[in-house]
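Scroll down for the structure; my scribbles are underneath it.
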Amino acid sequence: MGRSAGPAIGRALLKSINAARADLVVVTGDLVQRAHRFHYRRAKDWLARVHAPLLVVPGNHDLYSWMYRPWMRITVPRGRYRRMVGSHVATTWHDPGVSVLGLDSATPWTIQRGRCTPAHVRRMRRHFGGCSAGVARVLAVHHPLVEVNPAFGRDLAKGAEEVALAAAHCGVDLLLFGHWHLSLACAIRLGGRQMVVSLAGTASSDRYRSPQEGVNAYHQIEVTRSDIVVEEWRFCRADAAFKAASRRTFARQRYG
Ligand SMILES: [Fe+2]
């Protein structure tokens, strides 16, 4: 909120997500542009209209801004995020076949870049260590932990390599990232394991990144025992609606 691509897009996104009747909606951060109260009110109202359970991790924009609230950014960087959103949503989710963990990679000490620490690795090991072998493991982080396309040429979070490798060792099947404003699904190999990456595009804001100028998109993901299917839904301005644009199917690798 705070950089909307138009009045129709938030409504269209909500309609599309609710029509999907998802088991879970994961939001990988940057809910707001500047962490102003009125930005957060809009975000909170929008999230309240999502029918499915929500799992949310904050992005760099969700912390108090250096520009407007430098002291708050240092002392209570997530204060408004927690009050308005964080305390009302989950960071973990389970069903008999899928387990999802969200990690908070935002840090007040850099403008954009995220930070991962050994505490993230410990939390991930604790969380996924309790899963039985067939359960699909999903990790959601705002800042990407792996390079997905050299052409994008963007910095990874500090400490990303260690967390990504630990994710592979924990048997993670699917990595959900945001931050780069680029919609992409691919498979990577790391630590002897194949993991699927769903990089969330710009869902409703006008902060586009080359080569996806003017593209607003989100992913619908289906996880089965054998596959992970990532479907990209793009906003069609002529119809003021999100429409299925592409679909990729990845075979799941056994774990344990
Ligand atoms: Fe971000």
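A note on labels: chains of the structure tokens are A, B, ... as shown, every chain counts residues from 1, and ligands are counted from 1 in their shown order.
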Among segment 40-171 of chain A, which residues carry a DSSP assignment of strand (DSSP E), reported as number ranges by chain?
-> A: 54-56, 92-94, 98-103, 136-141
Write the residues of the preceding selection, restricted to C-alpha atoms, as a CSV table (one decimal), in the first residue's frame.
chain,number,residue,atom,x,y,z
A,54,LEU,CA,-2.7,-15.8,6.2
A,55,LEU,CA,1.0,-16.2,6.7
A,56,VAL,CA,3.0,-13.0,6.4
A,92,THR,CA,4.0,-20.9,10.5
A,93,TRP,CA,1.3,-23.2,9.0
A,94,HIS,CA,0.7,-26.9,8.8
A,98,VAL,CA,2.5,-29.4,3.9
A,99,SER,CA,4.5,-27.4,6.5
A,100,VAL,CA,5.3,-23.7,6.0
A,101,LEU,CA,7.7,-21.5,7.9
A,102,GLY,CA,8.1,-17.8,7.4
A,103,LEU,CA,11.4,-16.1,8.4
A,136,ALA,CA,6.3,-30.9,1.8
A,137,ARG,CA,8.5,-28.2,3.4
A,138,VAL,CA,8.0,-24.6,2.4
A,139,LEU,CA,10.1,-21.6,3.4
A,140,ALA,CA,8.9,-18.1,3.0
A,141,VAL,CA,11.4,-15.1,3.2
Spatial neighbours of Met1 of chain A, max dist 10 Å, only C-alpha atoms, sep filter under 6 positions, as a PyMOL selection string:
chain A and resi 10+30-36+38-44+46+204-205
Write the residues of the preceding selection, restricted to N, CA and C atoms, as a CSV table (one decimal), in the first residue's frame.
chain,number,residue,atom,x,y,z
A,10,GLY,N,-6.3,-3.6,-6.5
A,10,GLY,CA,-6.4,-4.2,-5.1
A,10,GLY,C,-7.7,-5.1,-5.1
A,30,ASP,N,6.8,-6.5,2.1
A,30,ASP,CA,6.6,-5.2,1.6
A,30,ASP,C,5.1,-5.0,1.3
A,31,LEU,N,4.4,-5.0,2.5
A,31,LEU,CA,3.0,-4.7,2.4
A,31,LEU,C,2.7,-3.2,2.2
A,32,VAL,N,3.6,-2.4,2.6
A,32,VAL,CA,3.5,-0.9,2.6
A,32,VAL,C,4.7,-0.3,2.0
A,33,GLN,N,4.6,0.9,1.5
A,33,GLN,CA,5.7,1.6,0.9
A,33,GLN,C,6.5,2.3,2.0
A,34,ARG,N,5.9,3.0,3.0
A,34,ARG,CA,6.6,3.8,3.9
A,34,ARG,C,6.3,3.6,5.4
A,35,ALA,N,5.5,2.6,5.7
A,35,ALA,CA,5.2,2.3,7.1
A,35,ALA,C,4.4,3.4,7.8
A,36,HIS,N,3.7,4.3,7.0
A,36,HIS,CA,2.9,5.3,7.6
A,36,HIS,C,1.6,4.6,8.1
A,38,PHE,N,-1.5,5.3,7.8
A,38,PHE,CA,-2.6,5.2,6.8
A,38,PHE,C,-2.2,4.1,5.8
A,39,HIS,N,-1.0,3.9,5.5
A,39,HIS,CA,-0.6,2.8,4.6
A,39,HIS,C,-0.9,1.4,5.3
A,40,TYR,N,-0.6,1.4,6.6
A,40,TYR,CA,-0.9,0.1,7.3
A,40,TYR,C,-2.4,-0.1,7.5
A,41,ARG,N,-3.1,1.0,7.7
A,41,ARG,CA,-4.6,0.8,7.8
A,41,ARG,C,-5.2,0.1,6.5
A,42,ARG,N,-4.7,0.6,5.4
A,42,ARG,CA,-5.2,0.0,4.1
A,42,ARG,C,-4.7,-1.4,4.0
A,43,ALA,N,-3.5,-1.7,4.4
A,43,ALA,CA,-3.0,-3.1,4.3
A,43,ALA,C,-3.8,-4.0,5.2
A,44,LYS,N,-4.1,-3.5,6.4
A,44,LYS,CA,-4.8,-4.3,7.4
A,44,LYS,C,-6.2,-4.6,6.9
A,46,TRP,N,-7.2,-4.6,3.8
A,46,TRP,CA,-7.2,-5.5,2.6
A,46,TRP,C,-7.0,-6.9,3.1
A,204,SER,N,0.4,-5.6,-6.7
A,204,SER,CA,-0.6,-4.5,-6.9
A,204,SER,C,0.1,-3.1,-6.9
A,205,SER,N,1.4,-3.0,-6.8
A,205,SER,CA,2.0,-1.7,-6.8
A,205,SER,C,2.5,-1.3,-8.2
Given 10 Å and only C-alpha atoms and all ligand atoms, residues near ligand 1 as a short mmCIF file (atom, residue, chain, number, x, y, z; two decimals) with C-alpha atoms, in the first residue's frame:
data_model
loop_
_atom_site.label_atom_id
_atom_site.label_comp_id
_atom_site.auth_asym_id
_atom_site.auth_seq_id
_atom_site.Cartn_x
_atom_site.Cartn_y
_atom_site.Cartn_z
CA THR A 28 6.26 -12.31 1.35
CA GLY A 29 6.51 -8.76 2.53
CA ASP A 30 6.62 -5.16 1.56
CA LEU A 31 2.98 -4.71 2.42
CA VAL A 32 3.46 -0.94 2.57
CA GLN A 33 5.67 1.64 0.94
CA PRO A 58 7.76 -8.45 6.71
CA GLY A 59 9.90 -6.79 4.05
CA ASN A 60 12.33 -3.89 4.29
CA HIS A 61 9.57 -1.35 3.57
CA ASP A 62 7.48 -2.66 6.44
CA SER A 105 14.87 -11.19 6.93
CA ALA A 106 14.22 -7.45 7.31
CA ILE A 111 18.08 0.50 3.39
CA GLN A 112 17.07 -2.48 1.29
CA ARG A 113 19.25 -5.47 1.83
CA GLY A 114 18.06 -8.22 4.15
CA HIS A 142 11.09 -11.61 1.86
CA HIS A 143 14.69 -11.32 0.63
CA PRO A 144 15.76 -13.94 -1.92
CA PHE A 177 10.63 -14.96 -2.00
CA GLY A 178 9.60 -11.37 -2.70
CA HIS A 179 11.59 -8.11 -2.83
CA TRP A 180 12.83 -8.14 -6.42
CA HIS A 181 9.45 -7.27 -7.99
#
- Message: Taking 3 positions as the minimum chain separation for residues in the same chain, which residues sit within 10 Å of Gly86 of chain A when counting only C-alpha atoms? Answer as a PyMOL selection string.
- Response: chain A and resi 44+55-58+78-83+89-91
- [ ] Please measure the separation of atom CA of Arg11 of chain A and atom CA of His219 of chain A, giving the value in Å to one decimal.
- [x]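 A separation of 16.7 Å between them.
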Q: Skip Leu199 of chain A itself and residues of its chain fewer than 3 positions away, then list as a VMD selection string all residues within 7 Å of it, counting only C-alpha atoms.
A: chain A and resid 176 to 178 182 to 185
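The two atoms in question, atom CA of Pro211 of chain A and atom CA of Pro150 of chain A, are spaced 12.8 Å apart.
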Inset, instruction - Write out as a PyMOL selection string all residues of segment 36-254 of chain A that backbone DSSP assigns to alpha helix (DSSP H). - result: chain A and resi 37-48+70-75+79-84+118-129+160-169
What does the file look like for those residues with C-alpha atoms, as a JSON list (two decimals), in the first residue's frame?
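So the final result, stored in out21.json, reads:
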[["chain", "number", "residue", "atom", "x", "y", "z"],
["A", 37, "ARG", "CA", -0.18, 4.60, 9.71],
["A", 38, "PHE", "CA", -2.57, 5.16, 6.80],
["A", 39, "HIS", "CA", -0.60, 2.76, 4.61],
["A", 40, "TYR", "CA", -0.89, 0.11, 7.29],
["A", 41, "ARG", "CA", -4.61, 0.76, 7.79],
["A", 42, "ARG", "CA", -5.15, 0.04, 4.11],
["A", 43, "ALA", "CA", -2.99, -3.08, 4.30],
["A", 44, "LYS", "CA", -4.82, -4.32, 7.39],
["A", 45, "ASP", "CA", -8.23, -3.70, 5.79],
["A", 46, "TRP", "CA", -7.15, -5.49, 2.62],
["A", 47, "LEU", "CA", -5.78, -8.49, 4.50],
["A", 48, "ALA", "CA", -8.96, -8.72, 6.57],
["A", 70, "PRO", "CA", 14.82, 7.31, 11.99],
["A", 71, "TRP", "CA", 14.68, 7.00, 15.78],
["A", 72, "MET", "CA", 11.79, 4.55, 15.65],
["A", 73, "ARG", "CA", 13.59, 2.59, 13.00],
["A", 74, "ILE", "CA", 16.50, 2.08, 15.35],
["A", 75, "THR", "CA", 14.57, 1.51, 18.57],
["A", 79, "GLY", "CA", 6.60, -1.61, 16.09],
["A", 80, "ARG", "CA", 3.89, -0.54, 13.69],
["A", 81, "TYR", "CA", 4.16, -3.73, 11.61],
["A", 82, "ARG", "CA", 3.56, -5.84, 14.70],
["A", 83, "ARG", "CA", 0.68, -3.77, 15.97],
["A", 84, "MET", "CA", -1.12, -3.45, 12.66],
["A", 118, "PRO", "CA", 22.37, -18.37, 12.64],
["A", 119, "ALA", "CA", 19.10, -17.89, 14.58],
["A", 120, "HIS", "CA", 17.22, -18.29, 11.29],
["A", 121, "VAL", "CA", 19.02, -21.58, 10.67],
["A", 122, "ARG", "CA", 18.21, -22.84, 14.18],
["A", 123, "ARG", "CA", 14.54, -21.90, 13.83],
["A", 124, "MET", "CA", 14.34, -23.67, 10.47],
["A", 125, "ARG", "CA", 15.97, -26.84, 11.84],
["A", 126, "ARG", "CA", 13.57, -26.89, 14.80],
["A", 127, "HIS", "CA", 10.54, -26.32, 12.59],
["A", 128, "PHE", "CA", 11.28, -28.80, 9.81],
["A", 129, "GLY", "CA", 12.98, -31.29, 12.16],
["A", 160, "ALA", "CA", 21.65, -15.92, 2.54],
["A", 161, "GLU", "CA", 24.00, -18.68, 1.40],
["A", 162, "GLU", "CA", 24.10, -20.33, 4.85],
["A", 163, "VAL", "CA", 20.32, -20.27, 5.23],
["A", 164, "ALA", "CA", 19.74, -21.54, 1.68],
["A", 165, "LEU", "CA", 22.14, -24.44, 2.24],
["A", 166, "ALA", "CA", 20.52, -25.23, 5.59],
["A", 167, "ALA", "CA", 17.14, -25.20, 3.84],
["A", 168, "ALA", "CA", 18.41, -27.80, 1.39],
["A", 169, "HIS", "CA", 19.70, -29.94, 4.27]]
- Residues near Phe242 of chain A, cut-off 10 Å, only C-alpha atoms, skip fewer than 2 positions along chain, as a list of chain:residue names: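 The neighbour list is A:Ile9, A:Ala12, A:Leu13, A:Leu14, A:Lys15, A:Ser16, A:Ile17, A:Ala203, A:Asn216, A:Ala217, A:Tyr218, A:Glu232, A:Trp233, A:Arg234, A:Phe235, A:Cys236, A:Arg237, A:Asp239, A:Ala240, A:Ala244, A:Ala245.
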field: Contact residues around Gly214 of chain A with only C-alpha atoms at 10 Å, ignoring same-chain residues under 4 positions, as a list in words
entry: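 Returned residues: Ala5, Thr202, Ser205, Asp206, Arg207, Tyr208, Arg209, Ser210 and Phe235 of chain A.
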